[in-house]
Structures are given as structure tokens and as C-alpha cells.
$ cat run-v2.txt   # compact mmCIF, C-alpha atoms
# COMPACT_ATOMS: atom_id res chain seq x y z
CA MET A 1 -12.17 -80.46 78.56
CA ARG A 2 -12.46 -80.71 74.73
CA ALA A 3 -14.53 -77.48 74.60
CA THR A 4 -11.87 -75.70 76.60
CA VAL A 5 -9.15 -76.83 74.17
CA MET A 6 -11.24 -75.71 71.13
CA ARG A 7 -11.75 -72.26 72.57
CA GLY A 8 -8.03 -71.92 73.19
CA SER A 9 -7.20 -73.04 69.65
CA LEU A 10 -9.58 -70.50 68.08
CA ALA A 11 -8.07 -67.72 70.20
CA VAL A 12 -4.59 -68.65 68.96
CA VAL A 13 -5.76 -68.67 65.30
CA GLY A 14 -7.31 -65.22 65.78
CA VAL A 15 -4.08 -63.81 67.15
CA ILE A 16 -2.10 -65.34 64.24
CA ALA A 17 -4.55 -63.85 61.69
CA LEU A 18 -4.21 -60.36 63.16
CA ALA A 19 -0.43 -60.65 63.28
CA GLY A 20 -0.31 -61.83 59.65
CA GLY A 21 -2.30 -58.82 58.37
CA CYS A 22 -5.38 -60.69 57.24
CA ARG A 23 -8.68 -58.92 57.40
CA THR A 24 -11.36 -60.10 59.70
CA GLN A 25 -15.05 -59.64 59.23
CA ALA A 26 -16.22 -56.09 59.90
CA VAL A 27 -17.86 -55.59 63.24
CA ASP A 28 -20.60 -53.06 63.80
CA THR A 29 -19.15 -50.47 66.18
CA GLY A 30 -22.15 -48.17 66.12
CA GLY A 31 -20.47 -45.54 63.88
CA LYS A 32 -17.39 -45.27 66.09
CA GLN A 33 -13.87 -45.82 64.75
CA PRO A 34 -12.22 -48.95 66.04
CA PRO A 35 -9.29 -48.38 68.42
CA ARG A 36 -5.73 -48.46 67.08
CA ALA A 37 -3.41 -51.29 67.99
CA ASP A 38 -1.78 -49.04 70.63
CA GLY A 39 -5.17 -48.46 72.19
CA SER A 40 -5.67 -44.85 71.00
CA ALA A 41 -8.76 -43.81 69.09
CA SER A 42 -8.58 -43.48 65.26
CA PRO A 43 -9.27 -39.98 63.89
CA ALA A 44 -12.62 -39.33 62.28
CA PRO A 45 -12.54 -39.22 58.48
CA SER A 46 -12.44 -35.72 57.00
CA ASP A 47 -15.04 -34.37 54.61
CA ASP A 48 -12.55 -34.83 51.78
CA ALA A 49 -12.24 -38.47 52.62
CA LYS A 50 -15.99 -38.90 52.79
CA GLU A 51 -16.63 -37.23 49.39
CA PRO A 52 -13.83 -37.64 46.89
CA GLY A 53 -13.34 -34.53 44.79
CA ALA A 54 -15.21 -32.27 47.23
CA LYS A 55 -13.68 -28.80 47.78
CA LYS A 56 -12.73 -27.51 51.20
CA PRO A 57 -14.99 -24.82 52.63
CA GLY A 58 -13.80 -21.36 51.67
CA ALA A 59 -11.39 -22.57 48.97
CA THR A 60 -11.28 -20.43 45.79
CA PRO A 61 -11.47 -22.49 42.61
CA SER A 62 -8.45 -22.03 40.35
CA ARG A 63 -9.11 -20.39 36.96
CA THR A 64 -7.21 -20.89 33.73
CA PRO A 65 -6.37 -17.43 32.33
CA SER A 66 -8.06 -16.81 28.98
CA VAL A 67 -5.80 -15.77 26.07
CA ARG A 68 -7.33 -13.21 23.73
CA PRO A 69 -6.45 -13.76 20.07
CA THR A 70 -4.36 -11.00 18.49
CA PRO A 71 -6.61 -9.00 16.13
CA PRO A 72 -5.49 -8.89 12.49
CA PRO A 73 -3.81 -5.67 11.33
CA LYS A 74 -6.10 -2.96 10.00
CA ILE A 75 -6.42 -2.81 6.22
CA LEU A 76 -5.53 0.63 4.89
CA MET A 77 -5.92 0.03 1.15
CA ALA A 78 -7.18 -2.85 -0.99
CA ARG A 79 -8.10 -3.65 -4.57
CA GLY A 80 -10.63 -1.17 -5.90
CA ALA A 81 -9.33 1.76 -3.84
CA SER A 82 -8.16 4.97 -5.51
CA GLY A 83 -6.67 8.31 -4.64
CA GLY A 84 -3.48 9.99 -3.53
CA LYS A 85 -2.56 7.38 -0.92
CA VAL A 86 -2.73 4.63 -3.52
CA ARG A 87 -0.50 6.72 -5.78
CA GLU A 88 2.04 7.04 -2.94
CA LEU A 89 1.89 3.26 -2.35
CA GLN A 90 2.58 2.66 -6.04
CA ALA A 91 5.49 5.14 -6.08
CA ARG A 92 7.08 3.47 -3.04
CA LEU A 93 6.69 0.01 -4.62
CA ARG A 94 8.38 1.36 -7.77
CA GLN A 95 11.35 2.57 -5.68
CA ILE A 96 12.16 -1.02 -4.66
CA ALA A 97 11.28 -2.56 -8.05
CA TRP A 98 8.06 -4.33 -7.06
CA LEU A 99 5.97 -2.26 -9.47
CA PHE A 100 7.09 -1.13 -12.91
CA GLU A 101 4.16 0.75 -14.35
CA GLY A 102 3.75 4.38 -13.42
CA PRO A 103 1.50 5.36 -10.50
CA ASN A 104 -2.07 6.03 -11.56
CA GLY A 105 -3.81 6.19 -8.18
CA LYS A 106 -5.88 3.04 -8.85
CA TYR A 107 -5.43 -0.14 -6.79
CA GLY A 108 -5.73 -2.68 -9.58
CA PRO A 109 -4.33 -6.16 -10.40
CA ALA A 110 -0.75 -4.96 -10.92
CA THR A 111 -0.66 -3.18 -7.57
CA THR A 112 -2.25 -6.16 -5.80
CA LYS A 113 0.36 -8.50 -7.29
CA ALA A 114 3.18 -6.14 -6.29
CA VAL A 115 1.93 -5.98 -2.70
CA GLU A 116 1.63 -9.79 -2.55
CA GLY A 117 5.21 -10.15 -3.73
CA PHE A 118 6.46 -7.61 -1.19
CA GLN A 119 4.58 -9.38 1.62
CA GLY A 120 5.77 -12.85 0.67
CA LYS A 121 9.41 -11.76 0.46
CA ARG A 122 9.22 -10.52 4.06
CA GLY A 123 7.27 -13.38 5.59
CA LEU A 124 3.99 -11.48 5.84
CA PRO A 125 0.61 -12.99 4.88
CA ARG A 126 0.24 -12.71 1.09
CA THR A 127 -3.14 -10.99 1.07
CA GLY A 128 -2.45 -8.33 -1.56
CA ASN A 129 -4.08 -5.82 0.81
CA THR A 130 -2.01 -3.03 2.29
CA ASP A 131 -2.50 -3.32 6.05
CA THR A 132 -0.80 -1.38 8.83
CA VAL A 133 2.05 -3.89 9.16
CA THR A 134 2.75 -4.00 5.41
CA TRP A 135 2.60 -0.22 5.12
CA ALA A 136 4.97 0.35 8.08
CA ARG A 137 7.49 -2.09 6.59
CA LEU A 138 7.30 -0.43 3.16
CA VAL A 139 7.70 3.07 4.60
CA ARG A 140 10.84 2.01 6.49
CA MET A 141 12.39 0.73 3.27
CA THR A 142 11.56 3.71 1.03
CA HIS A 143 11.63 7.52 0.97
CA THR A 144 8.80 10.00 0.57
CA PRO A 145 8.07 10.08 -3.19
CA THR A 146 8.89 13.22 -5.11
CA ARG A 147 6.31 14.85 -7.36
CA ASP A 148 7.97 13.35 -10.42
CA GLU A 149 7.85 9.89 -8.81
CA LEU A 150 4.18 10.29 -7.93
CA TYR A 151 3.38 11.28 -11.51
CA ALA A 152 5.97 9.25 -13.40
CA SER A 153 3.37 8.45 -16.04
CA GLY A 154 1.59 11.80 -15.96
CA GLY A 155 -1.88 12.61 -14.75
CA GLN A 156 -0.61 15.34 -12.44
CA PRO A 157 -2.90 18.28 -11.69
CA ALA A 158 -2.03 21.49 -13.46
CA ALA A 159 -0.01 24.06 -11.59
CA LYS A 160 -1.48 27.45 -10.76
CA PRO A 161 -1.52 29.45 -14.01
CA ASP A 162 1.15 32.06 -14.40
CA ARG A 163 -0.27 35.60 -14.21
CA ARG A 164 0.75 36.07 -17.88
CA CYS A 165 -1.72 33.34 -18.80
CA MET A 166 -4.74 35.14 -17.39
CA THR A 167 -5.59 37.37 -20.36
CA GLY A 168 -6.24 36.59 -23.99
CA ARG A 169 -5.76 33.31 -25.85
CA VAL A 170 -2.85 31.46 -24.24
CA VAL A 171 -1.12 28.11 -24.46
CA CYS A 172 -0.02 28.03 -20.80
CA ILE A 173 2.80 25.53 -20.18
CA SER A 174 4.08 24.70 -16.68
CA LYS A 175 7.42 22.94 -16.27
CA THR A 176 6.64 22.35 -12.59
CA SER A 177 3.53 20.24 -13.16
CA ARG A 178 4.51 19.17 -16.71
CA THR A 179 1.16 20.27 -18.07
CA LEU A 180 -0.18 22.37 -20.91
CA THR A 181 -3.43 24.27 -20.37
CA TRP A 182 -5.31 25.99 -23.16
CA MET A 183 -6.84 29.17 -21.71
CA ILE A 184 -9.03 31.98 -22.99
CA ASP A 185 -9.44 35.08 -20.82
CA GLY A 186 -8.31 33.24 -17.69
CA LYS A 187 -10.58 30.22 -18.18
CA ALA A 188 -8.97 26.78 -18.58
CA LEU A 189 -10.54 24.88 -21.48
CA MET A 190 -8.18 21.90 -21.76
CA THR A 191 -5.23 20.39 -19.88
CA THR A 192 -2.83 17.66 -21.02
CA ASP A 193 0.49 16.09 -20.00
CA VAL A 194 3.61 17.37 -21.75
CA ARG A 195 7.30 16.50 -21.91
CA PHE A 196 10.22 18.87 -22.40
CA GLY A 197 13.77 18.87 -23.73
CA SER A 198 16.73 17.32 -21.93
CA GLN A 199 19.39 19.29 -20.08
CA PHE A 200 21.39 19.44 -23.31
CA THR A 201 18.46 20.63 -25.42
CA PRO A 202 16.25 22.50 -22.93
CA THR A 203 12.88 23.97 -23.73
CA ARG A 204 13.06 27.75 -23.58
CA GLU A 205 11.09 29.66 -20.97
CA GLY A 206 9.32 32.95 -21.44
CA VAL A 207 6.48 34.55 -23.39
CA PHE A 208 6.21 33.69 -27.09
CA SER A 209 3.57 33.52 -29.80
CA VAL A 210 2.61 30.89 -32.37
CA TYR A 211 4.07 31.94 -35.71
CA TRP A 212 3.57 28.81 -37.84
CA LYS A 213 1.39 25.70 -37.82
CA SER A 214 2.24 22.48 -39.72
CA ARG A 215 -0.16 19.54 -39.52
CA HIS A 216 2.14 16.84 -40.98
CA HIS A 217 5.52 18.30 -40.14
CA VAL A 218 8.78 16.29 -40.22
CA SER A 219 11.93 17.66 -38.56
CA THR A 220 14.59 18.70 -41.06
CA ILE A 221 17.29 18.28 -38.39
CA TYR A 222 16.31 15.01 -36.69
CA HIS A 223 14.11 13.61 -39.47
CA THR A 224 11.37 12.65 -37.02
CA ALA A 225 7.64 13.18 -37.37
CA MET A 226 6.17 16.21 -35.57
CA PRO A 227 2.40 16.00 -36.22
CA TYR A 228 0.23 18.99 -35.27
CA ALA A 229 3.30 21.21 -34.86
CA MET A 230 2.73 24.77 -33.59
CA PHE A 231 6.04 26.64 -33.66
CA PHE A 232 6.60 29.36 -31.07
CA SER A 233 10.40 29.87 -30.70
CA GLY A 234 12.86 29.11 -33.47
CA GLY A 235 12.66 25.38 -34.14
CA GLN A 236 10.77 24.68 -30.91
CA ALA A 237 7.12 23.75 -31.22
CA VAL A 238 4.24 22.14 -29.40
CA HIS A 239 3.50 18.85 -31.22
CA TYR A 240 2.34 15.26 -30.86
CA SER A 241 5.05 12.71 -29.96
CA ALA A 242 4.61 8.98 -30.58
CA ASP A 243 7.76 8.41 -28.52
CA PHE A 244 6.23 10.22 -25.53
CA ALA A 245 3.07 8.15 -25.96
CA ALA A 246 5.13 4.94 -25.93
CA ARG A 247 7.90 5.66 -23.41
CA GLY A 248 6.47 8.35 -21.19
CA TYR A 249 8.95 10.38 -19.20
CA ASN A 250 11.74 7.88 -19.81
CA GLY A 251 12.70 10.00 -22.79
CA ALA A 252 12.91 13.69 -23.65
CA SER A 253 12.48 15.98 -26.64
CA HIS A 254 15.11 18.04 -28.45
CA GLY A 255 13.58 21.20 -27.01
CA CYS A 256 10.01 20.93 -28.22
CA VAL A 257 6.95 20.56 -26.01
CA ASN A 258 5.75 16.98 -26.57
CA VAL A 259 2.10 15.99 -26.19
CA ARG A 260 1.19 12.28 -26.02
CA ASP A 261 -2.61 12.52 -26.19
CA GLU A 262 -3.25 12.66 -29.92
CA GLY A 263 -6.91 13.50 -29.51
CA LYS A 264 -6.15 16.53 -27.35
CA ILE A 265 -3.33 17.84 -29.54
CA ALA A 266 -5.57 17.50 -32.60
CA SER A 267 -8.28 19.52 -30.83
CA LEU A 268 -5.74 22.12 -29.69
CA PHE A 269 -4.28 22.42 -33.19
CA ALA A 270 -7.75 23.16 -34.55
CA GLN A 271 -8.35 25.94 -32.00
CA VAL A 272 -5.01 27.72 -31.79
CA ARG A 273 -4.37 30.55 -34.26
CA ASN A 274 -1.17 32.14 -35.44
CA GLY A 275 -0.41 34.97 -33.06
CA ASP A 276 -1.84 33.27 -29.96
CA LYS A 277 0.38 33.61 -26.90
CA VAL A 278 2.56 30.80 -25.52
CA VAL A 279 3.85 31.05 -21.94
CA VAL A 280 6.44 28.57 -20.67
CA TYR A 281 7.23 28.93 -16.95
CA TRP A 282 8.28 27.15 -13.76
$ encode --input "run-v2.txt" --output "C-alpha cells"
Amino acid sequence: MRATVMRGSLAVVGVIALAGGCRTQAVDTGGKQPPRADGSASPAPSDDAKEPGAKKPGATPSRTPSVRPTPPPKILMARGASGGKVRELQARLRQIAWLFEGPNGKYGPATTKAVEGFQGKRGLPRTGNTDTVTWARLVRMTHTPTRDELYASGGQPAAKPDRRCMTGRVVCISKTSRTLTWMIDGKALMTTDVRFGSQFTPTREGVFSVYWKSRHHVSTIYHTAMPYAMFFSGGQAVHYSADFAARGYNGASHGCVNVRDEGKIASLFAQVRNGDKVVVYW
């Protein structure tokens, strides 16, 4: 009787435990899933459930797209470079007041500093090198330099000699290239930069001859020094000009042909004779 009551009590406790959600001790079912409360069989666990993190068969792994870094702009010119392109760079920088000295075709400290300033003002990396981005921005802001802008401080190549310069002893002077070339029988022996008169006191053009030389001449009209003067037309002469040496093409003569290289004008003065031809042409 007591054993029967005990078995009934344990059965009641088991039912209460299941109803209350408590876990009972696992029972070996031989690898089979225990039946659900409604009597149906529980589904078998999937592979994903068996191995956390495992990928489904045939699934393609996702890939994060790689981002290629943007290459830096190509450097066109940098410190130490020289040539016509550097001269154009310098002339364009002068147009927008980033460079004040005349173009010389040499990428030196002044040009580097000017490029840095231009870059910084426009939010570009201040490298001092002229890369493709810097150059494109500068070109958009400026115009193609004229010959005078490219050679604002001189150094321009001499123009093709006038045909009247090809025979005899000739001081051949080109207004186009602003150069004087000393020639004998068509051969150029010396070339130097020159400056001419203003529009109010223009240098005459044509064929002349040297008629008087004056080593330490002083103008009787303007009372200015005219060393190494070689007169060829009235009061107009080829001579050394300290003003041209100091100010370059920012000034002008009163009609004379100014030379700023004292060494060259001294050499020319020693070689030219009275009667030698002078040709001034465009």
C-alpha cells in the first residue's frame, strides 16, 4: 500500500516539474531526437547548428572591395630644372605677381618659393614642385606669355641677321629680339642684350656707320654718362648704360642703343672702327 502511494506521488511530482519548465536529467535516446510535446518528431539539427560559423555548401564568400589609392600628380618641373618650359612658368607666375624677378629659365629658390605660395593660396600641397595639377591651375589663370614677357630681363636668342649684316664689319641690331650682334663677313662674334628709346624718343632704323667714338662721354643734353659711346646717327649712339644694368627693361633710353654688359661693350668698343656699318632693323 505505502509503495503504491510513493509511486503515485513521484509521478505527480514529475508532471509538475515538466509543467513548470524545469529540466530533467538527459536520457540517452540512442542519437534520436526526443518527441515534441504534441507527439511529433523534432527536426534534426542542421549543419549550421552543429558547427557554428560553418558556411553552407555552395555559398560564395563575400569580399570587401579594395580601394586603390589615388596616385600623386606627375611632377613636370622641380628645383634644378632649366629650359624654355621653366621660363614660361616664371613668366606666368610674374603675370599674377607671384614672381618679381625676370624669367631666366632656371628653377631656383625664388621660383620654388613662388610655386609654394601659389599652391598654398589655392589649397594645393605646398611642395614647390610644378605638377600637373599646379600647372593646369596656373594656365587657367594666365595667358600665353609674349616674347617680351619671356625675356623681361634679357637673355633672348638673337634674331636672324638682316641680309645687310652679312657682309663686312657690322654692328647688327635687332629690335625684335632686342639684341646686338657684332659680325664680320657674316660670322657672329659677339651678342648682347640691348635697350632702345621710348615711343617719344625712338631709336632710328636703317643703315648707318660709326662716325665718332668717345670712351668717357657725357651727354650734353641730358647730362648723363654714356661710357664707350659709338655714335652712328646724330646724337644716337651705342653705349653702356648703368640704368639698364640696374633696372632692365623697366626703363628706356632717349634714342640710344643701351648695353648693360660692361665687359661686352668694352670689348666691342675696342674692336669697332670709325666707318664700320651699323644696321638697326625689326
$ residues_near_point --input "run-v2.txt" --point "(-7.0, 31.0, -23.2)" --cutoff "10 Å" --atoms "only C-alpha atoms" --output "list in words"
Cys165, Met166, Thr167, Gly168, Arg169, Val170, Val171, Cys172, Thr181, Trp182, Met183, Ile184, Asp185, Gly186, Lys187, Ala188, Leu189, Met190, Val272, Asp276, Lys277 and Val278 of chain A
$ closest_residue --input "run-v2.txt" --among "A:Met230, A:Ala91, A:Val86, A:Ala81" --to "Thr146 (chain A)" --atoms "all atoms listed in the file"
A:Ala91
$ residues_around --input "run-v2.txt" --residues "region 193-195 of chain A" --least-positions-apart "6" --cutoff "8 Å" --atoms "all atoms listed in the file" --output "MDAnalysis selection string"
chainID A and resid 154:156 178:180 244 249 252:253 257:261
$ closest_residue --input "run-v2.txt" --among "A:Phe208, A:Gly251, A:Tyr222, A:Pro157" --to "Gly234 (chain A)" --atoms "only C-alpha atoms"
A:Phe208
$ closest_residue --input "run-v2.txt" --among "A:Ala246, A:Val115, A:Ile75, A:Val67" --to "Leu89 (chain A)" --atoms "only C-alpha atoms"
A:Val115
$ build_atoms --input "run-v2.txt" --residues "region 107-123 of chain A" --atoms "N, CA, C and O atoms" --output "CSV table (one decimal), in the coordinates of the input"
chain,number,residue,atom,x,y,z
A,107,TYR,N,-5.9,1.1,-7.4
A,107,TYR,CA,-5.4,-0.1,-6.8
A,107,TYR,C,-6.0,-1.3,-7.6
A,107,TYR,O,-7.0,-1.9,-7.3
A,108,GLY,N,-5.3,-1.6,-8.7
A,108,GLY,CA,-5.7,-2.7,-9.6
A,108,GLY,C,-4.9,-4.0,-9.5
A,108,GLY,O,-4.2,-4.2,-8.5
A,109,PRO,N,-5.0,-4.9,-10.5
A,109,PRO,CA,-4.3,-6.2,-10.4
A,109,PRO,C,-2.8,-6.0,-10.3
A,109,PRO,O,-2.2,-6.8,-9.5
A,110,ALA,N,-2.2,-5.1,-11.0
A,110,ALA,CA,-0.8,-5.0,-10.9
A,110,ALA,C,-0.3,-4.5,-9.5
A,110,ALA,O,0.7,-5.1,-9.0
A,111,THR,N,-1.0,-3.6,-8.9
A,111,THR,CA,-0.7,-3.2,-7.6
A,111,THR,C,-0.9,-4.3,-6.6
A,111,THR,O,0.0,-4.5,-5.7
A,112,THR,N,-2.0,-5.0,-6.7
A,112,THR,CA,-2.2,-6.2,-5.8
A,112,THR,C,-1.1,-7.2,-5.9
A,112,THR,O,-0.7,-7.7,-4.9
A,113,LYS,N,-0.7,-7.5,-7.1
A,113,LYS,CA,0.4,-8.5,-7.3
A,113,LYS,C,1.7,-8.0,-6.7
A,113,LYS,O,2.4,-8.8,-6.1
A,114,ALA,N,1.9,-6.7,-6.8
A,114,ALA,CA,3.2,-6.1,-6.3
A,114,ALA,C,3.2,-6.2,-4.8
A,114,ALA,O,4.2,-6.5,-4.1
A,115,VAL,N,2.0,-5.9,-4.2
A,115,VAL,CA,1.9,-6.0,-2.7
A,115,VAL,C,2.1,-7.4,-2.2
A,115,VAL,O,2.8,-7.7,-1.2
A,116,GLU,N,1.5,-8.4,-2.9
A,116,GLU,CA,1.6,-9.8,-2.6
A,116,GLU,C,3.1,-10.2,-2.6
A,116,GLU,O,3.6,-10.9,-1.7
A,117,GLY,N,3.8,-9.8,-3.6
A,117,GLY,CA,5.2,-10.2,-3.7
A,117,GLY,C,6.0,-9.5,-2.6
A,117,GLY,O,6.9,-10.2,-2.0
A,118,PHE,N,5.8,-8.3,-2.3
A,118,PHE,CA,6.5,-7.6,-1.2
A,118,PHE,C,6.2,-8.3,0.1
A,118,PHE,O,7.1,-8.6,0.9
A,119,GLN,N,4.9,-8.7,0.4
A,119,GLN,CA,4.6,-9.4,1.6
A,119,GLN,C,5.3,-10.8,1.7
A,119,GLN,O,5.8,-11.1,2.8
A,120,GLY,N,5.2,-11.5,0.6
A,120,GLY,CA,5.8,-12.8,0.7
A,120,GLY,C,7.3,-12.8,0.9
A,120,GLY,O,7.8,-13.7,1.6
A,121,LYS,N,8.0,-11.9,0.3
A,121,LYS,CA,9.4,-11.8,0.5
A,121,LYS,C,9.8,-11.5,1.9
A,121,LYS,O,10.9,-11.9,2.3
A,122,ARG,N,8.9,-10.9,2.7
A,122,ARG,CA,9.2,-10.5,4.1
A,122,ARG,C,8.5,-11.3,5.1
A,122,ARG,O,8.3,-11.0,6.2
A,123,GLY,N,7.9,-12.5,4.7
A,123,GLY,CA,7.3,-13.4,5.6
A,123,GLY,C,5.9,-12.9,6.1
A,123,GLY,O,5.5,-13.4,7.1
